[in-house]
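Below is the file query.tsv, which contains TSV, C-alpha atoms and all ligand atoms.
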```
chain	number	residue	atom	x	y	z
A	29	MET	CA	27.18	91.32	54.10
A	30	SER	CA	25.95	88.64	51.69
A	31	VAL	CA	27.34	88.60	48.16
A	32	LYS	CA	24.65	88.36	45.52
A	33	PHE	CA	24.95	85.45	43.12
A	34	ALA	CA	24.14	86.60	39.57
A	35	GLU	CA	22.06	84.29	37.37
A	36	ILE	CA	22.39	84.12	33.60
A	37	SER	CA	19.31	83.74	31.38
A	38	GLU	CA	19.29	81.14	28.61
A	39	GLN	CA	19.24	83.96	26.08
A	40	ASP	CA	22.31	85.74	27.48
A	41	PHE	CA	24.14	82.43	27.79
A	42	SER	CA	23.38	81.71	24.10
A	43	ILE	CA	24.79	85.09	23.05
A	44	LEU	CA	27.99	84.82	25.06
A	45	SER	CA	28.63	81.12	24.43
A	46	LYS	CA	28.16	81.64	20.67
A	47	MET	CA	30.81	84.36	20.71
A	48	LEU	CA	33.23	82.07	22.55
A	49	THR	CA	32.58	79.15	20.19
A	50	GLU	CA	33.15	81.32	17.11
A	51	LYS	CA	36.41	82.70	18.43
A	52	TYR	CA	37.89	79.67	20.20
A	53	GLY	CA	36.02	76.61	18.89
A	54	ILE	CA	34.97	75.34	22.30
A	55	LYS	CA	31.39	74.12	22.24
A	56	LEU	CA	29.24	75.34	25.08
A	57	PRO	CA	25.83	73.65	24.95
A	58	MET	CA	23.02	74.78	27.26
A	59	GLU	CA	24.06	72.12	29.85
A	60	LYS	CA	27.17	74.21	30.47
A	61	ARG	CA	25.13	77.25	31.50
A	62	ILE	CA	25.43	76.65	35.26
A	63	MET	CA	29.18	76.01	35.02
A	64	PHE	CA	29.57	79.20	32.96
A	65	GLN	CA	27.47	81.17	35.43
A	66	ALA	CA	29.55	79.96	38.38
A	67	ARG	CA	32.93	80.61	36.78
A	68	LEU	CA	32.01	84.14	35.67
A	69	GLN	CA	30.82	85.34	39.10
A	70	VAL	CA	34.23	86.66	40.13
A	71	ARG	CA	34.60	88.52	36.85
A	72	LEU	CA	31.22	90.22	37.18
A	73	ARG	CA	32.05	91.28	40.71
A	74	GLY	CA	35.46	92.54	39.63
A	75	LEU	CA	33.79	94.72	37.00
A	76	GLY	CA	31.14	95.86	39.46
A	77	TYR	CA	28.16	94.28	37.64
A	78	ALA	CA	25.31	92.74	39.60
A	79	SER	CA	23.61	91.12	36.59
A	80	PHE	CA	24.59	89.11	33.53
A	81	SER	CA	22.51	91.38	31.31
A	82	ASP	CA	24.81	94.31	32.23
A	83	TYR	CA	27.81	92.09	31.63
A	84	ARG	CA	26.41	90.98	28.24
A	85	ASP	CA	26.05	94.64	27.18
A	86	PHE	CA	29.62	95.27	28.31
A	87	VAL	CA	30.91	92.33	26.23
A	88	LEU	CA	28.88	93.41	23.18
A	89	ASN	CA	30.41	96.89	23.29
A	90	PRO	CA	33.04	96.67	20.48
A	91	GLU	CA	35.48	98.57	22.68
A	92	HIS	CA	35.53	95.67	25.13
A	93	THR	CA	34.69	92.56	23.10
A	94	LYS	CA	38.23	91.47	22.21
A	95	GLN	CA	39.70	91.85	25.68
A	96	GLU	CA	36.68	90.41	27.42
A	97	LEU	CA	36.63	87.27	25.29
A	98	ARG	CA	40.21	86.70	26.46
A	99	GLU	CA	39.12	87.04	30.07
A	100	MET	CA	36.22	84.64	29.49
A	101	ILE	CA	38.29	81.92	27.86
A	102	ASP	CA	40.69	81.96	30.82
A	103	LEU	CA	37.75	81.26	33.11
A	104	VAL	CA	35.85	78.81	30.94
A	105	SER	CA	38.46	76.53	29.34
A	106	THR	CA	39.21	73.15	30.90
A	107	ASN	CA	42.91	72.94	31.70
A	108	LYS	CA	43.18	69.50	33.28
A	109	THR	CA	46.59	67.99	32.64
A	110	GLU	CA	49.41	66.17	34.40
A	111	PHE	CA	52.97	64.94	33.90
A	112	PHE	CA	53.19	61.65	31.98
A	113	ARG	CA	49.43	61.77	31.25
A	114	GLU	CA	48.40	58.79	29.09
A	115	ASN	CA	51.85	57.35	29.61
A	116	GLU	CA	51.52	54.73	26.82
A	117	HIS	CA	52.29	57.55	24.39
A	118	PHE	CA	55.61	58.32	26.06
A	119	GLU	CA	56.51	54.62	26.22
A	120	LEU	CA	55.76	54.33	22.50
A	121	LEU	CA	57.89	57.39	21.79
A	122	LYS	CA	60.87	55.92	23.64
A	123	LYS	CA	60.63	52.41	22.24
A	124	ASP	CA	59.42	52.86	18.67
A	125	ILE	CA	58.91	56.36	17.43
A	126	LEU	CA	62.13	58.12	18.40
A	127	PRO	CA	64.30	55.30	16.97
A	128	GLN	CA	62.17	55.41	13.80
A	129	LEU	CA	62.47	59.18	13.50
A	130	MET	CA	66.22	58.96	13.84
A	131	SER	CA	66.34	57.21	10.48
A	132	MET	CA	64.74	60.31	8.94
A	133	ILE	CA	67.01	62.80	10.68
A	134	ASN	CA	70.32	64.28	9.54
A	135	LEU	CA	72.58	62.42	11.95
A	136	GLU	CA	75.37	64.96	11.59
A	137	GLU	CA	73.17	67.65	13.13
A	138	PRO	CA	70.28	65.74	14.69
A	139	PHE	CA	67.37	68.02	15.55
A	140	LEU	CA	63.93	67.16	16.78
A	141	ASN	CA	61.14	69.71	16.58
A	142	CYS	CA	57.96	69.10	18.55
A	143	TRP	CA	54.70	70.96	19.17
A	144	SER	CA	52.39	70.56	22.16
A	145	ALA	CA	49.19	72.21	20.89
A	146	GLY	CA	46.67	73.01	23.65
A	147	CYS	CA	49.51	72.58	26.14
A	148	SER	CA	47.67	73.89	29.21
A	149	LYS	CA	50.08	74.44	32.14
A	150	GLY	CA	53.02	72.85	30.37
A	151	HIS	CA	53.12	69.37	31.92
A	152	GLU	CA	52.94	67.70	28.50
A	153	ALA	CA	55.72	69.82	27.00
A	154	PHE	CA	58.02	69.20	29.97
A	155	THR	CA	57.27	65.48	29.94
A	156	LEU	CA	58.34	65.43	26.29
A	157	ALA	CA	61.48	67.38	27.16
A	158	MET	CA	62.37	64.74	29.79
A	159	ILE	CA	61.85	61.92	27.30
A	160	PHE	CA	63.94	63.63	24.58
A	161	ASP	CA	66.74	64.61	26.96
A	162	ASP	CA	66.88	61.06	28.30
A	163	PHE	CA	66.96	59.70	24.75
A	164	GLU	CA	69.83	62.03	23.96
A	165	ARG	CA	71.82	60.82	26.99
A	166	ASN	CA	71.25	57.14	26.28
A	167	TYR	CA	71.07	56.80	22.51
A	168	LEU	CA	71.97	59.89	20.56
A	169	PRO	CA	74.44	62.24	22.22
A	170	GLY	CA	74.30	65.63	20.55
A	171	LEU	CA	70.59	65.40	19.75
A	172	ASP	CA	69.23	68.93	19.76
A	173	PHE	CA	65.53	69.38	20.34
A	174	HIS	CA	62.94	72.08	20.78
A	175	ILE	CA	59.39	71.94	22.03
A	176	LEU	CA	56.79	74.62	21.42
A	177	GLY	CA	53.80	74.75	23.74
A	178	THR	CA	50.80	76.81	22.65
A	179	ASP	CA	47.48	77.49	24.29
A	180	VAL	CA	44.61	79.89	23.86
A	181	SER	CA	44.58	80.91	27.52
A	182	ARG	CA	47.12	83.65	28.14
A	183	GLN	CA	46.89	83.11	31.87
A	184	ILE	CA	47.79	79.46	31.51
A	185	ILE	CA	50.72	80.28	29.23
A	186	GLN	CA	52.17	82.59	31.89
A	187	TYR	CA	51.87	79.75	34.39
A	188	ALA	CA	53.63	77.31	32.05
A	189	GLN	CA	56.45	79.76	31.39
A	190	LYS	CA	57.40	79.76	35.07
A	191	GLY	CA	57.89	75.97	35.14
A	192	ILE	CA	56.89	75.86	38.83
A	193	TYR	CA	54.34	73.34	40.12
A	194	PRO	CA	52.94	72.11	43.44
A	195	PHE	CA	55.18	69.35	44.80
A	196	CYS	CA	52.35	66.78	44.77
A	197	GLU	CA	52.15	67.01	40.96
A	198	SER	CA	55.62	65.47	40.65
A	199	GLU	CA	54.28	62.10	41.81
A	200	GLN	CA	53.65	60.89	38.24
A	201	ILE	CA	57.26	61.58	37.25
A	202	PRO	CA	59.60	58.54	37.48
A	203	GLU	CA	62.00	58.87	40.39
A	204	GLU	CA	65.11	58.94	38.23
A	205	PHE	CA	63.69	61.88	36.25
A	206	ARG	CA	62.58	63.66	39.42
A	207	LYS	CA	66.16	63.61	40.68
A	208	ARG	CA	67.58	64.73	37.37
A	209	TYR	CA	65.11	67.35	36.18
A	210	LEU	CA	63.41	68.90	39.23
A	211	LEU	CA	64.52	71.41	41.84
A	212	LYS	CA	62.71	71.40	45.17
A	213	SER	CA	61.69	74.58	46.96
A	214	LYS	CA	62.92	75.19	50.50
A	215	ASN	CA	59.45	76.28	51.57
A	216	GLN	CA	58.03	73.33	53.55
A	217	THR	CA	54.59	74.91	54.09
A	218	ILE	CA	53.71	75.04	50.39
A	219	PRO	CA	56.27	72.71	48.79
A	220	LYS	CA	56.90	73.29	45.10
A	221	ILE	CA	59.07	71.92	42.32
A	222	LYS	CA	60.77	73.82	39.53
A	223	ILE	CA	61.76	72.34	36.18
A	224	ALA	CA	65.53	72.48	35.74
A	225	ASN	CA	66.97	75.05	33.35
A	226	THR	CA	68.41	72.32	31.09
A	227	LEU	CA	64.83	71.50	30.11
A	228	ARG	CA	63.29	74.95	30.34
A	229	SER	CA	65.80	76.26	27.83
A	230	ARG	CA	64.46	73.74	25.28
A	231	VAL	CA	60.79	74.65	25.68
A	232	ASP	CA	58.96	77.82	24.65
A	233	PHE	CA	55.38	78.66	25.44
A	234	CYS	CA	53.24	81.16	23.61
A	235	TYR	CA	49.64	82.06	22.88
A	236	GLY	CA	48.12	80.20	19.95
A	237	ASN	CA	44.49	79.83	18.88
A	238	LEU	CA	43.86	76.66	16.87
A	239	MET	CA	40.86	78.43	15.29
A	240	ASP	CA	43.10	80.98	13.55
A	241	GLU	CA	43.22	80.77	9.74
A	242	GLU	CA	47.02	80.71	9.78
A	243	TYR	CA	49.19	79.57	12.66
A	244	GLY	CA	52.22	81.65	11.67
A	245	LEU	CA	54.60	78.84	12.58
A	246	LYS	CA	57.79	79.05	10.55
A	247	SER	CA	59.06	75.51	11.03
A	248	ARG	CA	57.49	72.11	10.61
A	249	PHE	CA	57.44	69.44	13.28
A	250	GLN	CA	58.32	65.76	13.43
A	251	ILE	CA	56.03	65.28	16.42
A	252	ILE	CA	52.78	67.02	17.30
A	253	PHE	CA	50.81	66.37	20.48
A	254	LEU	CA	47.21	67.57	20.18
A	255	ARG	CA	45.69	65.71	23.07
A	256	ASN	CA	42.46	66.24	24.99
A	257	THR	CA	41.75	69.53	23.25
A	258	LEU	CA	39.73	68.62	20.14
A	259	ILE	CA	37.27	66.83	22.37
A	260	TYR	CA	35.74	70.21	23.28
A	261	PHE	CA	35.02	71.11	19.61
A	262	GLU	CA	32.32	70.16	17.09
A	263	THR	CA	33.33	67.42	14.62
A	264	LYS	CA	33.40	69.86	11.69
A	265	THR	CA	35.63	72.28	13.60
A	266	GLN	CA	37.90	69.42	14.68
A	267	THR	CA	38.45	68.33	11.07
A	268	ALA	CA	39.19	71.88	9.90
A	269	ILE	CA	41.73	72.28	12.72
A	270	LEU	CA	43.30	68.90	12.01
A	271	ARG	CA	43.89	69.86	8.36
A	272	LYS	CA	45.81	72.95	9.47
A	273	VAL	CA	47.71	71.10	12.20
A	274	ILE	CA	48.73	68.28	9.85
A	275	LYS	CA	50.12	70.89	7.41
A	276	GLN	CA	52.62	71.73	10.16
A	277	LEU	CA	53.73	68.09	10.37
A	278	GLN	CA	56.65	66.86	8.29
A	279	PRO	CA	55.79	63.96	5.97
A	280	GLY	CA	56.49	60.82	8.03
A	281	GLY	CA	55.98	62.80	11.26
A	282	PHE	CA	53.71	61.68	14.09
A	283	LEU	CA	50.48	63.11	15.49
A	284	PHE	CA	49.27	62.13	18.97
A	285	ILE	CA	45.70	62.74	20.06
A	286	GLY	CA	43.98	61.97	23.40
A	287	HIS	CA	43.05	58.36	24.24
A	288	SER	CA	39.34	59.16	24.14
A	289	GLU	CA	39.54	60.97	20.77
A	290	SER	CA	39.25	59.44	17.32
A	291	LEU	CA	40.10	60.44	13.75
A	292	ILE	CA	38.27	57.72	11.84
A	293	ASN	CA	36.83	58.51	8.39
A	294	ARG	CA	37.98	62.10	8.11
A	295	GLY	CA	39.87	61.84	4.83
A	296	LEU	CA	43.06	63.22	6.38
A	297	PRO	CA	46.54	62.49	4.98
A	298	ILE	CA	47.52	60.34	7.97
A	299	GLU	CA	47.44	56.68	8.88
A	300	SER	CA	46.93	55.04	12.22
A	301	VAL	CA	50.08	53.43	13.68
A	302	ALA	CA	48.91	52.79	17.26
A	303	PRO	CA	45.87	53.70	19.35
A	304	SER	CA	45.51	57.51	19.12
A	305	VAL	CA	48.81	57.84	17.22
A	306	TYR	CA	48.99	58.70	13.49
A	307	GLN	CA	51.75	59.13	10.93
A	308	LYS	CA	51.61	61.68	8.14
A	309	THR	CA	51.58	60.05	4.75
A	310	ILE	CA	54.77	60.36	2.71
A	311	LEU	CA	53.61	61.21	-0.83
A	401	LIG	C1	42.34	69.61	28.80
A	401	LIG	S1	43.67	70.63	28.32
A	401	LIG	C2	44.77	69.45	27.59
A	401	LIG	C3	46.20	69.65	28.02
A	401	LIG	C4	47.20	68.63	27.49
A	401	LIG	N1	47.22	68.61	26.05
A	401	LIG	C5	46.89	67.26	28.03
A	401	LIG	O1	46.41	66.40	27.30
A	401	LIG	O2	47.15	67.05	29.22
A	401	LIG	C6	42.99	71.46	26.88
A	401	LIG	C7	43.69	72.78	26.59
A	401	LIG	O3	43.28	73.22	25.29
A	401	LIG	C8	43.23	74.63	25.33
A	401	LIG	N2	42.41	75.13	24.20
A	401	LIG	C9	41.07	75.17	24.12
A	401	LIG	N3	40.69	75.76	22.97
A	401	LIG	C10	41.82	76.08	22.30
A	401	LIG	C11	42.08	76.71	21.06
A	401	LIG	N4	41.09	77.16	20.27
A	401	LIG	N5	43.37	76.88	20.68
A	401	LIG	C12	44.38	76.46	21.49
A	401	LIG	N6	44.20	75.86	22.68
A	401	LIG	C13	42.92	75.66	23.09
A	401	LIG	C14	42.66	74.95	26.69
A	401	LIG	O4	42.94	76.26	27.11
A	401	LIG	C15	43.32	73.87	27.56
A	401	LIG	O5	44.46	74.36	28.22
```

structure tokens encoding of this file:
Amino acid sequence: MSVKFAEISEQDFSILSKMLTEKYGIKLPMEKRIMFQARLQVRLRGLGYASFSDYRDFVLNPEHTKQELREMIDLVSTNKTEFFRENEHFELLKKDILPQLMSMINLEEPFLNCWSAGCSKGHEAFTLAMIFDDFERNYLPGLDFHILGTDVSRQIIQYAQKGIYPFCESEQIPEEFRKRYLLKSKNQTIPKIKIANTLRSRVDFCYGNLMDEEYGLKSRFQIIFLRNTLIYFETKTQTAILRKVIKQLQPGGFLFIGHSESLINRGLPIESVAPSVYQKTIL
């Protein structure tokens, strides 16, 4: 039995992609139509629809819209990530930024609060946890730290919460850290690694949409990683998000963006301190 491949018209793609952009910020120009069509096939089949026009009507039904947009974003968002991605940032943290931040911290009860926004499967948050834990061991015993990872894909957040990854993904992690922070599965057929509890207890993952008016975050952060996420948004949307994100940063705190992203001429209260690294202005 052959499975029918559903095709989406330009008009239906415009309707659905506009809804996704409004809710989640991700821009989906017409060139993404074929990608969208391919990724949604499984969903259509699961719902028993043979055509995108039936699926469009289903999504437009107010009873289904909210839930179905969640399903769509899980399928459409780009979640590429890895441990120690764009490693220059972690080197800079170790050598310059953490020592600098220590001068701003209450050394009697040193606490570092960090946010990985658009955290995907959690590699970035756990890399930060390794760097902070190592810093604590070597330079500041007693340093307490917490990392919050947020992402708009609920499916990806559930993955991150487990802290379990294919063994091959540990290759980017320095050997010393692999020994200290990873547990290996006994299963040789599909080898996996698990992040040790010492780190997992310092990291929390939860759903968070950067497009929301308010982020509902109670504390402010000394470090925010917002890397390789803004790149999928329109410039105007990026700037609006950055204003809200920077509000969550303590004055003097640091914002990291992806290597291919830029914040030039946006009138934001930050100054560049290194490529793709910014410090919030102290007024
Ligand atoms: C390419 S990954 C980047 C992961 C990680 N920051 C890194 O650099 O390796 C981008 C992530 O941003 C998330 N994302 C997209 N739109 C978002 C939004 N409106 N709010 C929060 N996260 C979003 C996606 O689900 C995806 O997991």

Residues within 6 Å of ligand LIG 401 (chain A), counting all atoms listed in the file, as a PyMOL selection string: chain A and resi 52-54+105-110+146-148+152+179-181+236-239+254-257

Region 267-277 of chain A environment, 9 Å, all atoms listed in the file, sequence neighbours closer than 2 positions dropped, as a ChimeraX atom specification: /A:145,238-243,245-252,254,258,262-265,279-283,291,294,296-298,308

Kindly save the residues from that selection, with C-alpha atoms included, as a PDB file, in the frame of the given file.
```pdb
ATOM      1  CA  ALA A 145      49.190  72.210  20.890  1.00  0.00           C
ATOM      2  CA  LEU A 238      43.860  76.660  16.870  1.00  0.00           C
ATOM      3  CA  MET A 239      40.860  78.430  15.290  1.00  0.00           C
ATOM      4  CA  ASP A 240      43.100  80.980  13.550  1.00  0.00           C
ATOM      5  CA  GLU A 241      43.220  80.770   9.740  1.00  0.00           C
ATOM      6  CA  GLU A 242      47.020  80.710   9.780  1.00  0.00           C
ATOM      7  CA  TYR A 243      49.190  79.570  12.660  1.00  0.00           C
ATOM      8  CA  LEU A 245      54.600  78.840  12.580  1.00  0.00           C
ATOM      9  CA  LYS A 246      57.790  79.050  10.550  1.00  0.00           C
ATOM     10  CA  SER A 247      59.060  75.510  11.030  1.00  0.00           C
ATOM     11  CA  ARG A 248      57.490  72.110  10.610  1.00  0.00           C
ATOM     12  CA  PHE A 249      57.440  69.440  13.280  1.00  0.00           C
ATOM     13  CA  GLN A 250      58.320  65.760  13.430  1.00  0.00           C
ATOM     14  CA  ILE A 251      56.030  65.280  16.420  1.00  0.00           C
ATOM     15  CA  ILE A 252      52.780  67.020  17.300  1.00  0.00           C
ATOM     16  CA  LEU A 254      47.210  67.570  20.180  1.00  0.00           C
ATOM     17  CA  LEU A 258      39.730  68.620  20.140  1.00  0.00           C
ATOM     18  CA  GLU A 262      32.320  70.160  17.090  1.00  0.00           C
ATOM     19  CA  THR A 263      33.330  67.420  14.620  1.00  0.00           C
ATOM     20  CA  LYS A 264      33.400  69.860  11.690  1.00  0.00           C
ATOM     21  CA  THR A 265      35.630  72.280  13.600  1.00  0.00           C
ATOM     22  CA  PRO A 279      55.790  63.960   5.970  1.00  0.00           C
ATOM     23  CA  GLY A 280      56.490  60.820   8.030  1.00  0.00           C
ATOM     24  CA  GLY A 281      55.980  62.800  11.260  1.00  0.00           C
ATOM     25  CA  PHE A 282      53.710  61.680  14.090  1.00  0.00           C
ATOM     26  CA  LEU A 283      50.480  63.110  15.490  1.00  0.00           C
ATOM     27  CA  LEU A 291      40.100  60.440  13.750  1.00  0.00           C
ATOM     28  CA  ARG A 294      37.980  62.100   8.110  1.00  0.00           C
ATOM     29  CA  LEU A 296      43.060  63.220   6.380  1.00  0.00           C
ATOM     30  CA  PRO A 297      46.540  62.490   4.980  1.00  0.00           C
ATOM     31  CA  ILE A 298      47.520  60.340   7.970  1.00  0.00           C
ATOM     32  CA  LYS A 308      51.610  61.680   8.140  1.00  0.00           C
TER      33      LYS A 308
END
```

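Nearest residue to Tyr193 (chain A) among A:Gln266, A:Ser213, A:Thr178, A:Asn141 is A:Ser213, counting all atoms listed in the file.
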
Computed interatomic separation between CA of Ser198 (chain A) and CA of Arg113 (chain A) (Å): 11.8 Å

Residues within 9 Å of (23.6, 82.7, 34.0), file coords, all atoms listed in the file, listed as an NGL selection string: :A and (34-38 or 40-41 or 61-66 or 68 or 79-80)

Surrounding residues of Pro194 (chain A) excluding itself and chain neighbours under 4 positions, 9 Å, all atoms listed in the file, as a ChimeraX atom specification: /A:198,218-222

Contacts of Leu126 (chain A) at 10 Å (only C-alpha atoms; same-chain gap of 4+ positions) as a list in words: Leu120, Leu121, Lys122, Met130, Ser131, Leu140, Ile159, Phe160, Phe163, Tyr167, Gln250 and Ile251 of chain A

Nearest to Glu116 (chain A), chosen from A:Phe195, A:Tyr77, A:Tyr306, A:Phe284, with only C-alpha atoms counted in the distances: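 Looking at the shortest contact to Glu116 (chain A), the residue is A:Phe284.
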
Top pick for closest residue to Ala153 (chain A), considering A:Asn134, A:Ser81, A:Asn166, A:Ser229 and counting all atoms listed in the file: A:Ser229

Spatial neighbours of Leu227 (chain A), 8 Å, all atoms listed in the file, chain gap at least 5 places, as a ChimeraX atom specification: /A:154,157-158,161,209
